[in-house]
Every structure is written in C-alpha cells, then in structure tokens.
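Q: Just so it is clear, I am handing over my_file_12.txt, which has compact mmCIF, C-alpha atoms.
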```
# COMPACT_ATOMS: atom_id res chain seq x y z
CA MET A 1 -17.12 -11.91 70.71
CA GLU A 2 -19.77 -13.12 68.35
CA ASN A 3 -19.29 -16.40 66.44
CA GLY A 4 -15.63 -16.35 67.45
CA ARG A 5 -15.07 -12.89 65.91
CA THR A 6 -14.32 -9.65 67.63
CA ALA A 7 -16.18 -6.48 66.70
CA LEU A 8 -13.28 -5.42 64.47
CA GLU A 9 -13.28 -8.70 62.54
CA ARG A 10 -17.00 -8.78 61.71
CA PRO A 11 -17.91 -7.86 58.14
CA LYS A 12 -18.79 -4.19 57.91
CA ARG A 13 -22.29 -3.45 56.68
CA ASN A 14 -22.58 -0.32 54.62
CA LEU A 15 -25.27 1.86 56.17
CA TRP A 16 -25.65 3.92 52.97
CA ARG A 17 -26.46 0.80 50.94
CA ILE A 18 -29.10 -0.25 53.45
CA ILE A 19 -30.62 3.25 53.47
CA GLY A 20 -30.53 3.50 49.65
CA TRP A 21 -32.09 0.13 48.87
CA GLY A 22 -34.51 0.45 51.77
CA THR A 23 -35.68 3.84 50.49
CA ALA A 24 -36.09 2.50 46.95
CA THR A 25 -38.13 -0.42 48.24
CA ALA A 26 -40.30 1.86 50.36
CA LEU A 27 -40.93 4.20 47.42
CA VAL A 28 -41.97 1.31 45.17
CA PHE A 29 -44.45 0.04 47.76
CA ALA A 30 -45.73 3.45 48.95
CA PRO A 31 -48.52 3.50 46.32
CA ALA A 32 -49.77 0.14 47.64
CA VAL A 33 -50.22 1.75 51.05
CA ALA A 34 -51.82 4.85 49.52
CA MET A 35 -54.27 2.65 47.59
CA GLN A 36 -55.65 1.44 50.93
CA PHE A 37 -56.70 4.99 51.84
CA THR A 38 -57.66 6.70 48.59
CA SER A 39 -59.10 5.79 45.22
CA GLU A 40 -56.98 8.48 43.53
CA VAL A 41 -53.98 6.14 43.55
CA ASN A 42 -54.70 3.15 41.36
CA TRP A 43 -51.58 1.26 40.33
CA THR A 44 -51.66 -1.99 38.38
CA PRO A 45 -49.12 -4.79 38.83
CA SER A 46 -47.32 -3.53 35.72
CA ASP A 47 -47.00 -0.07 37.33
CA PHE A 48 -45.28 -1.65 40.32
CA GLY A 49 -43.05 -3.69 38.03
CA PHE A 50 -42.09 -0.60 36.02
CA ALA A 51 -41.31 1.34 39.21
CA ALA A 52 -39.23 -1.54 40.56
CA ILE A 53 -37.22 -1.70 37.33
CA LEU A 54 -36.60 2.07 37.35
CA PHE A 55 -35.57 2.19 41.01
CA GLY A 56 -33.48 -0.95 40.54
CA ALA A 57 -31.66 0.60 37.57
CA LEU A 58 -31.03 3.76 39.58
CA GLY A 59 -29.69 1.75 42.50
CA LEU A 60 -27.47 -0.43 40.32
CA GLY A 61 -26.08 2.66 38.59
CA ILE A 62 -25.20 4.18 41.95
CA GLU A 63 -23.63 0.89 43.08
CA LEU A 64 -21.46 0.84 39.93
CA ALA A 65 -20.36 4.45 40.42
CA VAL A 66 -19.38 3.78 44.02
CA ARG A 67 -17.34 0.75 42.96
CA MET A 68 -15.63 2.62 40.09
CA THR A 69 -13.83 5.20 42.19
CA PRO A 70 -13.28 6.35 45.74
CA ASP A 71 -13.44 10.00 44.59
CA ARG A 72 -16.41 11.64 46.33
CA PHE A 73 -16.91 14.31 43.65
CA TYR A 74 -17.05 11.69 40.90
CA ARG A 75 -19.48 9.61 42.93
CA ALA A 76 -21.67 12.66 43.61
CA GLY A 77 -21.55 13.61 39.92
CA ALA A 78 -22.65 10.10 38.97
CA PHE A 79 -25.41 10.21 41.58
CA PHE A 80 -26.83 13.48 40.23
CA ALA A 81 -26.51 12.30 36.61
CA LEU A 82 -28.43 9.13 37.43
CA LEU A 83 -30.98 11.06 39.47
CA SER A 84 -31.44 13.51 36.59
CA ALA A 85 -32.05 10.73 34.09
CA PHE A 86 -34.42 9.01 36.51
CA MET A 87 -36.41 12.20 37.21
CA VAL A 88 -36.67 13.13 33.52
CA PHE A 89 -37.80 9.62 32.59
CA TRP A 90 -40.26 9.34 35.49
CA ALA A 91 -41.81 12.80 35.13
CA ASN A 92 -41.99 12.50 31.37
CA GLY A 93 -43.71 9.13 31.54
CA ALA A 94 -46.05 10.01 34.39
CA VAL A 95 -47.37 13.44 33.46
CA GLY A 96 -45.12 14.83 30.73
CA MET A 97 -42.45 17.50 31.05
CA ILE A 98 -44.16 19.89 28.64
CA GLY A 99 -47.94 19.61 28.54
CA ASN A 100 -49.22 16.10 29.20
CA GLU A 101 -47.53 12.76 28.60
CA ASP A 102 -49.04 12.55 25.08
CA ASN A 103 -47.33 15.75 23.88
CA PRO A 104 -44.86 14.75 21.13
CA ILE A 105 -42.40 17.42 22.33
CA ASN A 106 -41.75 15.21 25.35
CA LEU A 107 -39.95 12.73 23.07
CA LEU A 108 -37.13 15.28 22.87
CA PHE A 109 -36.32 14.56 26.53
CA VAL A 110 -35.43 10.98 25.63
CA GLY A 111 -32.75 12.63 23.49
CA VAL A 112 -31.45 14.50 26.55
CA ILE A 113 -30.95 11.21 28.37
CA LEU A 114 -29.29 9.74 25.27
CA ILE A 115 -26.92 12.72 25.07
CA ALA A 116 -25.79 12.05 28.62
CA LEU A 117 -25.52 8.28 28.08
CA VAL A 118 -23.71 8.40 24.74
CA GLY A 119 -21.40 11.15 25.97
CA ALA A 120 -20.53 9.12 29.07
CA MET A 121 -19.81 6.02 26.99
CA MET A 122 -17.78 7.92 24.38
CA SER A 123 -15.63 9.43 27.12
CA ARG A 124 -15.19 5.98 28.68
CA PHE A 125 -16.57 7.52 31.85
CA GLY A 126 -13.60 9.87 32.17
CA LYS A 127 -14.27 12.90 34.35
CA ASP A 128 -13.78 15.56 31.66
CA GLY A 129 -15.96 13.77 29.11
CA MET A 130 -18.59 13.09 31.76
CA ALA A 131 -18.60 16.77 32.72
CA LEU A 132 -19.03 17.80 29.07
CA ALA A 133 -21.83 15.27 28.51
CA MET A 134 -23.74 16.43 31.61
CA PHE A 135 -23.30 20.14 30.80
CA THR A 136 -24.56 19.42 27.28
CA ALA A 137 -27.55 17.42 28.54
CA GLY A 138 -28.47 20.22 30.96
CA THR A 139 -28.13 22.90 28.32
CA VAL A 140 -30.21 20.97 25.77
CA GLN A 141 -32.91 20.27 28.36
CA ALA A 142 -33.06 23.93 29.41
CA SER A 143 -33.23 24.95 25.74
CA ILE A 144 -36.15 22.60 25.06
CA ALA A 145 -37.91 23.94 28.16
CA THR A 146 -37.37 27.55 27.10
CA ILE A 147 -38.42 27.12 23.49
CA PHE A 148 -41.41 24.83 23.92
CA GLY A 149 -42.39 25.44 27.54
CA ILE A 150 -41.85 29.00 28.62
CA LEU A 151 -42.13 30.56 25.15
CA GLY A 152 -44.72 28.03 24.06
CA SER A 153 -47.84 26.96 25.83
CA ASP A 154 -46.73 25.48 29.18
CA PHE A 155 -44.94 28.03 31.35
CA ARG A 156 -45.09 25.90 34.53
CA GLY A 157 -43.78 22.81 32.74
CA GLY A 158 -41.01 24.87 31.18
CA VAL A 159 -39.89 26.31 34.52
CA PHE A 160 -40.01 22.84 36.15
CA THR A 161 -37.95 21.41 33.31
CA ILE A 162 -35.34 24.17 33.59
CA VAL A 163 -35.08 23.59 37.34
CA LEU A 164 -34.65 19.88 36.67
CA SER A 165 -31.94 20.67 34.10
CA SER A 166 -29.90 22.21 36.93
CA LEU A 167 -29.30 18.66 38.23
CA TRP A 168 -27.44 17.85 34.98
CA ILE A 169 -25.37 21.03 35.39
CA LEU A 170 -24.60 20.19 39.03
CA SER A 171 -23.52 16.73 37.93
CA GLY A 172 -21.19 18.24 35.32
CA ALA A 173 -19.68 20.59 37.90
CA LEU A 174 -19.05 17.70 40.29
CA PHE A 175 -17.37 15.65 37.55
CA LYS A 176 -15.23 18.69 36.68
CA ALA A 177 -14.17 19.01 40.34
CA SER A 178 -13.33 15.31 40.52
CA ARG A 179 -9.75 14.03 40.71
CA ALA A 180 -10.65 10.60 39.36
```
Represent the structure from my file as structure tokens, please.
A:
Amino acid sequence: MENGRTALERPKRNLWRIIGWGTATALVFAPAVAMQFTSEVNWTPSDFGFAAILFGALGLGIELAVRMTPDRFYRAGAFFALLSAFMVFWANGAVGMIGNEDNPINLLFVGVILIALVGAMMSRFGKDGMALAMFTAGTVQASIATIFGILGSDFRGGVFTIVLSSLWILSGALFKASRA
C-alpha cells in the first residue's frame, strides 16, 4: 500500500504518453547536444522554438485522436496523417521537397496539407471522409513529385516525395478499415 492505496487503486500512467512526449522532447533538444560536438549544427533559439511548436502540435494532435475514439485503426490513421503533415512541413521547410527550400514548387506541398486538413474538417472527422481526404492528399503529393521532381529536375527529391506520399495513402487505408 502506498499513500493508503493499493496497486489497483493508484492512477494508471500511460506509458505511451510518456514515451511519446519524452521522444518529442529529446528530438527538440538533440540539436543542442549535437552543437556541442560539431559546428555543422547551428540552431538559433528561434529554431528550437519552431521545433518545439511543431512537435507540440504533432503531440497534441495525437492526444486528440486518442481521446476521440478507442478504435485502433482510426487512431493509427490519425497518427499517420499527422506524421505525414509533420514530415512534409518539416522537410519542405528544412531543405525543400523538390530542389531546395527556395524552390517555388515547394509551395504546392502546403496545398497537400490543406487538402488533408480541409477534407478532414468537411467530413467532420468521419472515417470515410478522412479516408478520402488522405487518399486525395497522397495522390496529389505523388502527382506533384512525378511532374516536377522525377520528370523535372530533381529525381531524388521526386522519389523521396512519392515515398512520403505513401504515408498519406496508409493513413487513408487505416481510416477505411476503421469501425469508428
């Protein structure tokens, strides 16, 4: 007995929450450690703030999805949708999806995220609408990658972007399989 409570009466701590938020915190502070050993990593306080906001938004989105439904497929679909948006935003801002971060074609990827977001909101987060929105986002992203990347000037960026679009498709498939 601890504090007059038995083991069964103690509040249950969710190990996944601890792992998730701990990982996000470690990833935000990893560049600070790297900066101690190499001059190639040179983050400013605003870089750390931006990373904290992005990881915080990702974590809050996952928290909301977990609270919305007990359905594991829906939760997994939400996780991969959020991860897709995060990866597209991060990669696009850091180095650019097609070419470098200054390439105006990269602005099209903001549209991919908006397709997923607007589609999710229009469907009121229903599983069928979410599936359609994620399939559409994945298809549009793969199309941009094919047209401007593979057929254009940046084959590697195009292939990377198509691989990343598979996360949107996986998310759509998980929403489709959901019973929520």
Q: Put the listed atoms of stretch 149-168 of chain A in a box along x, y and z with 4 Å added on every side and give me the centre and edge lengths in Å to one decimal, as lines of an AutoDock Vina configuration file.
A:
```
center_x = -37.6
center_y = 24.2
center_z = 31.1
size_x = 28.4
size_y = 20.7
size_z = 22.2
```
Q: Just how far from atom CA of A:Val140 is atom CA of A:Met121, in Å to one decimal?
A: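 Answer for the atom CA of A:Met121 to atom CA of A:Val140 separation: 18.3 Å.
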Q: Using all atoms listed in the file, can you tell me which of A:Leu167, A:Ala51, A:Ala173, A:Ala78 comes closest to A:Leu64?
A: A:Ala78
Q: Tell me which protein, DNA and RNA residues are within 8 Å of stretch 67-73 of chain A, counting only C-alpha atoms, leaving out same-chain ones fewer than 6 positions away, and put them as a short mmCIF file (atom, residue, chain, number, x, y, z; two decimals) with C-alpha atoms, in the frame of the given file.
A:
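part_33.cif, written as the output of this step:
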```
data_model
loop_
_atom_site.label_atom_id
_atom_site.label_comp_id
_atom_site.auth_asym_id
_atom_site.auth_seq_id
_atom_site.Cartn_x
_atom_site.Cartn_y
_atom_site.Cartn_z
CA LEU A 174 -19.05 17.70 40.29
CA PHE A 175 -17.37 15.65 37.55
CA ALA A 177 -14.17 19.01 40.34
CA SER A 178 -13.33 15.31 40.52
CA ARG A 179 -9.75 14.03 40.71
CA ALA A 180 -10.65 10.60 39.36
#
```
Q: What is the distance between atom CA of A:Phe79 and atom CA of A:Phe29, in Å to one decimal?
A: 22.5 Å
Q: Between atom CA of A:Thr25 and atom CA of A:Ala52, what distance in Å does the model show, to one decimal?
A: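 Computed distance, atom CA of A:Thr25 to atom CA of A:Ala52, equals 7.8 Å.
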Q: I need the residue nearest A:Gly126 from this list: A:Tyr74, A:Arg17, A:Phe80, A:Met35. Use all atoms listed in the file for the distance.
A: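 Of the candidates, the smallest distance to A:Gly126 is held by A:Tyr74.
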Q: Using all atoms listed in the file, which of the listed residues (A:Gly111, A:Gly56, A:Pro45, A:Gly61) sits closest to A:Gly138?
A: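 Counting all atoms listed in the file, the residue closest to A:Gly138 is A:Gly111.
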Q: Looking at only C-alpha atoms, which of A:Ala34, A:Leu60, A:Ala26, A:Ala116 is the one that sits closest to A:Ser84?
A: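 Selected residue with least distance to A:Ser84: A:Ala116.
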Q: Using all atoms listed in the file, determine which residues lie at most 9 Å from A:Ile113, disregarding the query and same-chain residues fewer than 6 positions distant; provide the list as a ChimeraX atom specification.
A: /A:84-85,88-89,137
Q: Could you tell me which of A:Ala57, A:Phe148, A:Ala131, A:Ile62 comes closest to A:Phe109 if we count all atoms listed in the file?
A: A:Phe148
Q: Nearest to A:Val163 among A:Met97, A:Asp47, A:Ile115, A:Pro104, with distances taken over all atoms listed in the file: which residue is it?
A: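 With all atoms listed in the file as the atom set, the closest residue is A:Met97.
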Q: Starting from the point (-34.3, 10.3, 34.1), work out which residues of protein, DNA or RNA have an atom no more than 10 Å away when counting only C-alpha atoms; state them as JSON, numbers by chain.
A: {"A": [54, 58, 81, 82, 83, 84, 85, 86, 87, 88, 89, 90, 91, 92, 93, 109, 110, 112, 113, 164]}
Q: What would the file look like if the residues just selected were written as a PDB file, in the frame of the given file with C-alpha atoms?
A:
```
ATOM      1  CA  LEU A  54     -36.600   2.070  37.350  1.00  0.00           C
ATOM      2  CA  LEU A  58     -31.030   3.760  39.580  1.00  0.00           C
ATOM      3  CA  ALA A  81     -26.510  12.300  36.610  1.00  0.00           C
ATOM      4  CA  LEU A  82     -28.430   9.130  37.430  1.00  0.00           C
ATOM      5  CA  LEU A  83     -30.980  11.060  39.470  1.00  0.00           C
ATOM      6  CA  SER A  84     -31.440  13.510  36.590  1.00  0.00           C
ATOM      7  CA  ALA A  85     -32.050  10.730  34.090  1.00  0.00           C
ATOM      8  CA  PHE A  86     -34.420   9.010  36.510  1.00  0.00           C
ATOM      9  CA  MET A  87     -36.410  12.200  37.210  1.00  0.00           C
ATOM     10  CA  VAL A  88     -36.670  13.130  33.520  1.00  0.00           C
ATOM     11  CA  PHE A  89     -37.800   9.620  32.590  1.00  0.00           C
ATOM     12  CA  TRP A  90     -40.260   9.340  35.490  1.00  0.00           C
ATOM     13  CA  ALA A  91     -41.810  12.800  35.130  1.00  0.00           C
ATOM     14  CA  ASN A  92     -41.990  12.500  31.370  1.00  0.00           C
ATOM     15  CA  GLY A  93     -43.710   9.130  31.540  1.00  0.00           C
ATOM     16  CA  PHE A 109     -36.320  14.560  26.530  1.00  0.00           C
ATOM     17  CA  VAL A 110     -35.430  10.980  25.630  1.00  0.00           C
ATOM     18  CA  VAL A 112     -31.450  14.500  26.550  1.00  0.00           C
ATOM     19  CA  ILE A 113     -30.950  11.210  28.370  1.00  0.00           C
ATOM     20  CA  LEU A 164     -34.650  19.880  36.670  1.00  0.00           C
TER      21      LEU A 164
END
```
Q: Write out as a PyMOL selection string the residues lying within 7 Å of A:Gly172, counting all atoms listed in the file and excluding same-chain residues fewer than 4 positions away.
A: chain A and resi 77+130-132+134-135+168+176
Q: What lies within 8 Å of A:Thr161 using only C-alpha atoms, ignoring chain neighbours under 5 positions off, as a PyMOL selection string?
A: chain A and resi 97-98+141-142+145
